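Source file: protein11.cif; contents: mmCIF, C-alpha atoms and all ligand atoms.
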data_run
#
loop_
_atom_site.label_atom_id
_atom_site.label_comp_id
_atom_site.auth_asym_id
_atom_site.auth_seq_id
_atom_site.Cartn_x
_atom_site.Cartn_y
_atom_site.Cartn_z
CA MET A 7 29.29 137.38 56.23
CA ASN A 8 26.83 134.76 57.38
CA CYS A 9 24.13 135.33 59.94
CA ALA A 10 25.67 133.09 62.61
CA PHE A 11 28.88 135.08 62.38
CA ASN A 12 27.00 138.35 62.98
CA HIS A 13 25.99 137.17 66.44
CA HIS A 14 29.61 136.73 67.40
CA THR A 15 31.27 140.07 66.68
CA GLN A 16 31.13 141.05 70.37
CA ASP A 17 32.47 137.76 71.73
CA THR A 18 34.69 138.19 74.77
CA MET A 19 36.67 136.14 77.25
CA THR A 20 37.09 137.69 80.72
CA PHE A 21 39.56 136.30 83.23
CA LEU A 22 37.98 136.58 86.69
CA GLY A 23 41.05 134.90 88.09
CA THR A 24 44.44 133.65 87.00
CA ALA A 25 45.54 131.79 90.15
CA GLY A 26 46.46 128.18 89.73
CA ALA A 27 47.86 126.55 92.83
CA ARG A 28 46.96 126.35 96.47
CA PHE A 29 49.37 129.00 97.78
CA VAL A 30 48.48 131.52 95.11
CA VAL A 31 44.78 130.81 95.71
CA ALA A 32 44.97 130.76 99.53
CA ARG A 33 46.83 134.05 99.66
CA GLN A 34 44.87 135.45 96.70
CA LEU A 35 48.10 136.61 95.07
CA ARG A 36 45.99 136.21 91.96
CA ALA A 37 42.20 135.93 92.00
CA SER A 38 40.46 132.60 91.39
CA GLY A 39 37.06 133.49 89.94
CA GLY A 40 37.18 131.47 86.71
CA THR A 41 36.59 132.63 83.14
CA TRP A 42 33.47 134.32 81.74
CA LEU A 43 32.75 133.74 78.06
CA ARG A 44 30.34 135.74 75.97
CA LEU A 45 29.74 133.72 72.78
CA GLY A 46 27.04 135.09 70.53
CA GLU A 47 23.91 135.37 72.64
CA LYS A 48 25.20 132.99 75.29
CA GLN A 49 27.09 133.81 78.48
CA LEU A 50 29.03 131.02 80.15
CA LEU A 51 31.10 130.80 83.30
CA ILE A 52 33.91 128.27 83.46
CA ASP A 53 35.44 127.03 86.72
CA PRO A 54 34.02 129.36 89.39
CA GLY A 55 36.73 129.08 92.02
CA PRO A 56 36.92 130.93 95.35
CA GLY A 57 35.63 134.51 95.02
CA SER A 58 33.92 134.01 91.65
CA LEU A 59 30.69 135.73 92.66
CA LEU A 60 32.54 138.74 94.07
CA ARG A 61 34.73 138.98 90.98
CA CYS A 62 31.66 138.96 88.70
CA LEU A 63 30.06 141.78 90.65
CA ALA A 64 33.30 143.77 90.85
CA ALA A 65 34.13 143.39 87.14
CA GLN A 66 34.22 146.48 84.92
CA PRO A 67 31.96 146.40 83.01
CA ARG A 68 30.00 144.46 85.59
CA LEU A 69 29.06 140.87 84.83
CA HIS A 70 25.53 139.94 85.71
CA PRO A 71 25.18 136.36 87.09
CA PRO A 72 21.38 136.12 86.41
CA ALA A 73 22.25 136.62 82.72
CA LEU A 74 24.36 133.47 82.67
CA ASP A 75 23.15 130.68 80.39
CA GLY A 76 25.33 128.03 81.92
CA ILE A 77 28.23 127.07 84.15
CA ILE A 78 30.91 124.60 83.12
CA LEU A 79 33.24 122.80 85.49
CA THR A 80 36.41 121.24 84.04
CA HIS A 81 37.02 119.33 87.30
CA ARG A 82 36.16 119.23 90.97
CA HIS A 83 39.31 120.74 92.51
CA LEU A 84 38.59 123.58 94.89
CA ASP A 85 40.34 126.30 92.85
CA HIS A 86 37.85 125.52 90.04
CA SER A 87 34.68 124.60 91.89
CA ASN A 88 34.50 126.42 95.23
CA ASP A 89 31.83 128.93 94.15
CA ILE A 90 29.79 126.63 91.90
CA ASN A 91 26.87 126.38 94.32
CA VAL A 92 26.58 130.10 94.98
CA MET A 93 26.93 130.78 91.24
CA ILE A 94 24.08 128.34 90.50
CA GLU A 95 22.00 130.28 93.03
CA ALA A 96 23.01 133.59 91.47
CA MET A 97 22.24 132.34 87.94
CA THR A 98 18.79 131.17 89.00
CA ASN A 99 17.82 134.10 91.21
CA GLY A 100 18.19 132.03 94.35
CA GLY A 101 16.42 129.10 92.75
CA ARG A 102 13.27 131.11 91.98
CA ASP A 103 13.86 131.05 88.22
CA ARG A 104 14.57 127.52 87.10
CA ARG A 105 16.95 128.06 84.22
CA GLY A 106 20.40 127.52 82.80
CA PHE A 107 22.61 124.48 82.53
CA VAL A 108 25.52 123.00 84.40
CA LEU A 109 28.06 120.76 82.67
CA ALA A 110 30.53 118.93 84.87
CA PRO A 111 32.43 115.67 85.17
CA ARG A 112 30.39 112.90 86.73
CA ASP A 113 32.71 112.79 89.75
CA ALA A 114 31.70 116.32 90.70
CA VAL A 115 28.17 115.00 91.26
CA GLU A 116 27.79 111.24 91.70
CA VAL A 117 30.19 110.66 94.57
CA ALA A 118 29.99 110.59 98.35
CA ASP A 119 31.28 114.16 98.63
CA PRO A 120 29.89 115.95 95.55
CA VAL A 121 30.98 119.53 94.94
CA ILE A 122 27.60 120.38 93.41
CA GLN A 123 25.17 120.17 96.30
CA GLN A 124 21.93 118.19 95.99
CA TYR A 125 19.53 121.04 96.63
CA VAL A 126 20.87 123.43 93.97
CA ARG A 127 20.67 120.76 91.25
CA ALA A 128 16.91 121.27 91.05
CA TYR A 129 17.40 124.97 90.24
CA VAL A 130 18.82 124.40 86.77
CA ASP A 131 17.12 123.28 83.57
CA GLU A 132 19.83 120.82 82.74
CA LEU A 133 22.65 119.11 84.59
CA ASP A 134 24.71 117.03 82.20
CA TYR A 135 28.06 115.29 82.29
CA LEU A 136 31.18 116.05 80.33
CA GLU A 137 32.55 112.90 78.71
CA VAL A 138 35.24 112.10 76.18
CA GLY A 139 34.05 112.78 72.65
CA LYS A 140 30.70 114.27 73.71
CA THR A 141 29.51 117.42 71.92
CA PHE A 142 27.01 119.97 73.19
CA SER A 143 25.36 122.05 70.46
CA PHE A 144 24.12 125.60 70.95
CA ASN A 145 22.48 127.89 68.39
CA THR A 146 25.63 129.12 66.71
CA PHE A 147 28.45 127.11 68.25
CA SER A 148 29.29 123.79 69.85
CA LEU A 149 31.38 122.57 72.76
CA SER A 150 33.28 119.31 72.85
CA THR A 151 35.59 117.60 75.32
CA PRO A 152 38.05 115.69 73.16
CA VAL A 153 40.09 113.85 75.76
CA ALA A 154 40.28 112.97 79.45
CA HIS A 155 43.13 114.98 80.91
CA HIS A 156 45.80 113.38 83.06
CA HIS A 157 44.98 114.90 86.41
CA SER A 158 44.27 113.51 89.88
CA VAL A 159 40.48 113.74 89.37
CA GLU A 160 38.22 113.44 86.29
CA THR A 161 39.14 116.46 84.17
CA TYR A 162 38.32 117.72 80.68
CA GLY A 163 39.58 120.51 78.47
CA LEU A 164 37.04 122.47 76.43
CA ARG A 165 36.93 122.98 72.68
CA PHE A 166 34.46 125.56 71.33
CA SER A 167 33.71 125.55 67.60
CA LEU A 168 32.49 128.98 66.54
CA PRO A 169 31.47 130.28 63.10
CA TYR A 170 34.83 132.07 62.79
CA GLY A 171 37.24 129.73 64.53
CA THR A 172 37.97 127.42 67.42
CA ILE A 173 38.78 128.26 71.03
CA SER A 174 40.33 125.59 73.23
CA ILE A 175 40.98 125.71 76.93
CA ILE A 176 43.55 123.15 78.05
CA ALA A 177 42.54 122.84 81.70
CA ASP A 178 44.71 121.24 84.39
CA THR A 179 46.64 118.24 83.09
CA ALA A 180 50.00 116.56 83.01
CA TYR A 181 51.62 116.68 79.59
CA PHE A 182 50.86 113.82 77.20
CA ASP A 183 51.41 113.71 73.44
CA GLU A 184 47.74 113.14 72.56
CA LEU A 185 46.99 116.70 73.71
CA ILE A 186 48.52 117.92 70.44
CA ASP A 187 46.14 115.99 68.18
CA CYS A 188 43.14 116.69 70.38
CA TYR A 189 43.62 120.45 70.31
CA LYS A 190 45.05 120.77 66.78
CA GLY A 191 43.17 123.28 64.63
CA THR A 192 42.62 125.63 67.56
CA ASP A 193 42.74 129.33 66.71
CA LEU A 194 42.78 130.74 70.26
CA LEU A 195 44.45 128.42 72.76
CA VAL A 196 44.24 128.99 76.53
CA LEU A 197 46.59 126.91 78.67
CA ASN A 198 46.67 126.36 82.42
CA VAL A 199 50.39 126.60 83.13
CA VAL A 200 50.86 126.06 86.85
CA ILE A 201 54.58 125.49 87.32
CA TYR A 202 57.72 126.90 85.78
CA GLN A 203 59.89 123.83 86.05
CA ASP A 204 59.33 120.36 87.43
CA THR A 205 61.94 119.92 90.16
CA SER A 206 60.15 117.19 92.09
CA PRO A 207 61.62 113.67 92.49
CA SER A 208 60.73 111.43 89.55
CA ALA A 209 58.53 109.21 91.72
CA TYR A 210 56.31 112.17 92.48
CA LYS A 211 54.05 112.84 89.53
CA ILE A 212 53.06 116.44 88.87
CA TYR A 213 49.69 116.62 87.17
CA HIS A 214 50.22 120.08 85.72
CA LEU A 215 51.81 121.64 82.67
CA ASN A 216 55.09 123.43 83.15
CA PHE A 217 56.49 126.27 81.09
CA SER A 218 58.50 124.20 78.61
CA GLN A 219 55.57 121.83 78.06
CA ALA A 220 53.31 124.81 77.34
CA LEU A 221 55.89 126.06 74.86
CA ALA A 222 55.99 122.63 73.18
CA LEU A 223 52.20 122.50 72.91
CA ILE A 224 51.98 125.98 71.40
CA GLU A 225 54.77 125.13 68.96
CA ALA A 226 53.02 121.91 67.88
CA ILE A 227 49.42 123.17 67.80
CA ARG A 228 50.32 126.55 66.29
CA PRO A 229 47.17 128.53 67.18
CA ARG A 230 46.72 132.07 65.89
CA ALA A 231 47.06 133.29 69.49
CA ALA A 232 47.68 131.71 72.88
CA VAL A 233 46.96 132.81 76.44
CA LEU A 234 48.78 131.51 79.52
CA THR A 235 46.85 131.45 82.80
CA HIS A 236 46.32 129.55 86.10
CA PHE A 237 49.69 130.46 87.54
CA GLY A 238 51.34 128.89 90.56
CA MET A 239 54.02 130.57 92.61
CA THR A 240 56.98 129.62 90.41
CA MET A 241 55.27 131.01 87.32
CA LEU A 242 54.60 134.29 89.13
CA GLN A 243 58.22 134.43 90.31
CA HIS A 244 59.40 134.20 86.71
CA ASN A 245 57.00 136.93 85.51
CA PRO A 246 54.36 135.44 83.20
CA HIS A 247 54.65 138.38 80.77
CA LEU A 248 58.34 137.66 80.18
CA LEU A 249 57.60 133.95 79.81
CA ALA A 250 54.86 134.69 77.26
CA ALA A 251 57.31 136.86 75.32
CA ARG A 252 59.85 134.01 75.33
CA ILE A 253 57.33 131.60 73.83
CA GLU A 254 56.30 134.21 71.28
CA GLU A 255 59.90 134.73 70.21
CA LYS A 256 60.57 131.01 69.95
CA THR A 257 57.38 130.00 68.13
CA GLY A 258 56.22 133.08 66.23
CA VAL A 259 52.77 132.60 67.79
CA ARG A 260 51.31 135.62 69.58
CA VAL A 261 51.19 134.78 73.31
CA LEU A 262 49.62 136.71 76.18
CA ALA A 263 49.90 136.17 79.92
CA ALA A 264 46.44 136.64 81.44
CA THR A 265 45.93 139.08 84.30
CA ASP A 266 43.02 139.32 86.72
CA GLY A 267 40.13 141.16 85.09
CA LEU A 268 41.57 140.95 81.57
CA GLU A 269 38.81 141.08 78.95
CA LEU A 270 39.78 139.88 75.50
CA SER A 271 37.88 140.42 72.29
CA ILE A 272 38.04 136.92 70.85
CA LEU A 273 37.65 138.08 67.27
CA GLY A 274 40.25 140.79 67.94
CA GLN A 275 42.73 138.15 69.07
CA LEU A 276 42.14 136.08 65.98
CA GLN A 277 42.35 138.97 63.58
CA ALA A 278 45.50 140.55 65.02
CA ASN A 279 48.61 140.04 62.95
CA GLN A 280 50.97 137.20 63.66
CA VAL A 281 54.24 138.27 65.24
CA LYS A 282 56.33 136.77 62.44
ZN ZN B 301 43.74 124.10 89.06
ZN ZN B 302 43.21 120.70 89.34
#
Can you present the structure in this file as structure tokens?
Amino acid sequence: MNCAFNHHTQDTMTFLGTAGARFVVARQLRASGGTWLRLGEKQLLIDPGPGSLLRCLAAQPRLHPPALDGIILTHRHLDHSNDINVMIEAMTNGGRDRRGFVLAPRDAVEVADPVIQQYVRAYVDELDYLEVGKTFSFNTFSLSTPVAHHHSVETYGLRFSLPYGTISIIADTAYFDELIDCYKGTDLLVLNVVIYQDTSPSAYKIYHLNFSQALALIEAIRPRAAVLTHFGMTMLQHNPHLLAARIEEKTGVRVLAATDGLELSILGQLQANQVK
């Protein structure tokens, strides 16, 4: 076992929220705090939506915002970015300890109504932009953003290359075939599946994955395990656990439906037996 691998035996992914559309967020039918990743010695928070700070402090075991190394924003929509400013303050001890990094699309920053406020930008060591094909290297892993997602604002999915495998998070996007190639080789695949079925008129484009598109992606990418999250109302009405079981049965890939507060051992997910 190599040394880099040793750092990663305690890696976890904690869902501080699994809400994915405005009604579910506004009524807090599911929480919207984002996802906390512990990867080796690094702690990262992805998409701190409304209530993220409270969810960190209420988590069991408690998550400690000043221990964060960085915050990553997949896109500027409110359900992903609402708490980014307060989380930057929490990460930096109110701006007293200049530290940490923020990675975000350019349109979260360099626009007339930025979601990352001017004054908190000075609190972090590094504010950098996610871009197609760009890779960020850390001690024992790297992060890349392979493709621009098809969404109503600049949006990227995240691909983490670890010593023992690859985690990808397919953030908000409409379905397009290139997603398969861009996320191929993923061992643990997280998908934002907002709607059960697209029933809107054809002229009205939905920029989210639906259930059957998630199934198709899992079938084509064939990760060792997949996690569904970011649920809108129609997904909740159809019971995400039953939907995960349906995908599992159809594809033979182990599939979980995330719940608020769920903490996954990443290695545990990758080492568990396949269902078939
Ligand atoms: Zn969203
Ligand atoms: Zn969105």
Set the cut-off to 6 Å, count only C-alpha atoms and all ligand atoms, and list whatever residues fall near ligand ZN 301 (chain B) as a PDB file with C-alpha atoms, keeping the file's coordinate frame.
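Heads up, here's the output in out.pdb:
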ATOM      1  CA  GLY A  26      46.460 128.180  89.730  1.00  0.00           C
ATOM      2  CA  ASP A  85      40.340 126.300  92.850  1.00  0.00           C
ATOM      3  CA  ASP A 178      44.710 121.240  84.390  1.00  0.00           C
TER       4      ASP A 178
END
Closest-contact table, chain A side, partner ligand ZN 302 (chain B), 7 Å, counting only C-alpha atoms and all ligand atoms, as JSON lines:
{"residue": "A:His81", "atom": "CA", "partner": "B:ZN302", "partner_atom": "ZN", "distance": 6.7}
{"residue": "A:His83", "atom": "CA", "partner": "B:ZN302", "partner_atom": "ZN", "distance": 5.0}
{"residue": "A:His157", "atom": "CA", "partner": "B:ZN302", "partner_atom": "ZN", "distance": 6.7}
{"residue": "A:Asp178", "atom": "CA", "partner": "B:ZN302", "partner_atom": "ZN", "distance": 5.2}
- Residue nearest Glu95 (chain A) - candidates A:Leu149, A:Ile122, A:Val200, A:Ala65, atoms counted: all atoms listed in the file: A:Ile122
- Item | Residue nearest Thr24 (chain A) among A:Glu116, A:Glu132, A:Asp266, A:Glu254 (counting all atoms listed in the file) |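 Ranking A:Glu116, A:Glu132, A:Asp266, A:Glu254 by distance to Thr24 (chain A), first place goes to A:Asp266.
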- Atom-to-atom span, CA of Asp131 (chain A) and CA of Gly39 (chain A), Å: 23.3 Å
- Message: For a test of reading the model, state the distance in Å between CA of Ala128 (chain A) and CA of Leu51 (chain A), rounded to one decimal.
- Response: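 If I compute the distance from CA of Ala128 (chain A) to CA of Leu51 (chain A), I get 18.8 Å.
Shortest separation to Ala232 (chain A) among A:Ile201, A:Leu273, A:Val159, A:Ile173 occurs at residue A:Ile173, atoms counted being all atoms listed in the file.
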- Message: Restricting the calculation to all atoms listed in the file: of A:Ser158, A:Thr192, A:Gln16, A:Ser150, which residue gets closest to Thr179 (chain A)?
- Response: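 Smallest separation from Thr179 (chain A) among the options: A:Ser158.
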- Query: A:Arg230, A:His86, A:His236, A:Arg44: which is nearest Gly171 (chain A), counting only C-alpha atoms?
  - Reply: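 Of all the options, A:Arg230 lies closest to Gly171 (chain A).
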- Just the residues within 8 Å of Asn198 (chain A), please, counting only C-alpha atoms, with nothing from its chain fewer than 3 positions along; format it as JSON, numbers by chain. {"A": [26, 175, 176, 177, 178, 214, 215, 234, 235, 236, 237]}
Mind dumping the selected residues with C-alpha atoms as a PDB file, in the coordinates of the input?
ATOM      1  CA  GLY A  26      46.460 128.180  89.730  1.00  0.00           C
ATOM      2  CA  ILE A 175      40.980 125.710  76.930  1.00  0.00           C
ATOM      3  CA  ILE A 176      43.550 123.150  78.050  1.00  0.00           C
ATOM      4  CA  ALA A 177      42.540 122.840  81.700  1.00  0.00           C
ATOM      5  CA  ASP A 178      44.710 121.240  84.390  1.00  0.00           C
ATOM      6  CA  HIS A 214      50.220 120.080  85.720  1.00  0.00           C
ATOM      7  CA  LEU A 215      51.810 121.640  82.670  1.00  0.00           C
ATOM      8  CA  LEU A 234      48.780 131.510  79.520  1.00  0.00           C
ATOM      9  CA  THR A 235      46.850 131.450  82.800  1.00  0.00           C
ATOM     10  CA  HIS A 236      46.320 129.550  86.100  1.00  0.00           C
ATOM     11  CA  PHE A 237      49.690 130.460  87.540  1.00  0.00           C
TER      12      PHE A 237
END
- Task: Identify which of the residues A:Gln275, A:Ser58, A:Asn99, A:Gln203 lies closest to Val259 (chain A), counting only C-alpha atoms when measuring atom-to-atom distances.
- Result: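 Ranking A:Gln275, A:Ser58, A:Asn99, A:Gln203 by distance to Val259 (chain A), first place goes to A:Gln275.
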- Task: Identify, on the basis of all atoms listed in the file, every residue whose closest approach to Pro72 (chain A) does not exceed 6 Å; exclude the query and any residue fewer than 2 positions from it along the same chain; express the result as a PyMOL selection string.
- Result: chain A and resi 70+74+96-97
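The interatomic distance for the pair CA of Arg82 (chain A) and CA of Val121 (chain A) works out to 6.5 Å.
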- Task: Name all residues at most 10 Å from Ala32 (chain A) (count only C-alpha atoms; drop same-chain ones fewer than 5 positions away) and give them as JSON, numbers by chain.
- Result: {"A": [25, 27, 37, 38, 56, 85]}
- Give as JSON, numbers by chain every residue, naming chains and numbers as the document does, that has an atom within 8 Å of (53.5, 128.2, 72.6), counting only C-alpha atoms. {"A": [220, 221, 222, 223, 224, 225, 226, 228, 232, 253, 254, 257, 259, 261]}
Please identify all polymer residues within 8 Å of Ile272 (chain A), counting only C-alpha atoms, omitting same-chain residues fewer than 4 positions from it, and present them as a compact mmCIF listing (two decimals) with C-alpha atoms, in the frame of the given file.
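File result.txt, as written:
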# COMPACT_ATOMS: atom_id res chain seq x y z
CA ASP A 17 32.47 137.76 71.73
CA THR A 18 34.69 138.19 74.77
CA MET A 19 36.67 136.14 77.25
CA LEU A 194 42.78 130.74 70.26
CA LEU A 276 42.14 136.08 65.98
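Residues lying within 12 Å of Pro120 (chain A), counting only C-alpha atoms and ignoring same-chain neighbours fewer than 6 positions away, are His81, Arg82, His83, Leu84, Ser87, Asn88, Ile90, Asn91, Ala110, Pro111, Arg112, Asp113, Ala114, Val126 and Arg127 of chain A.
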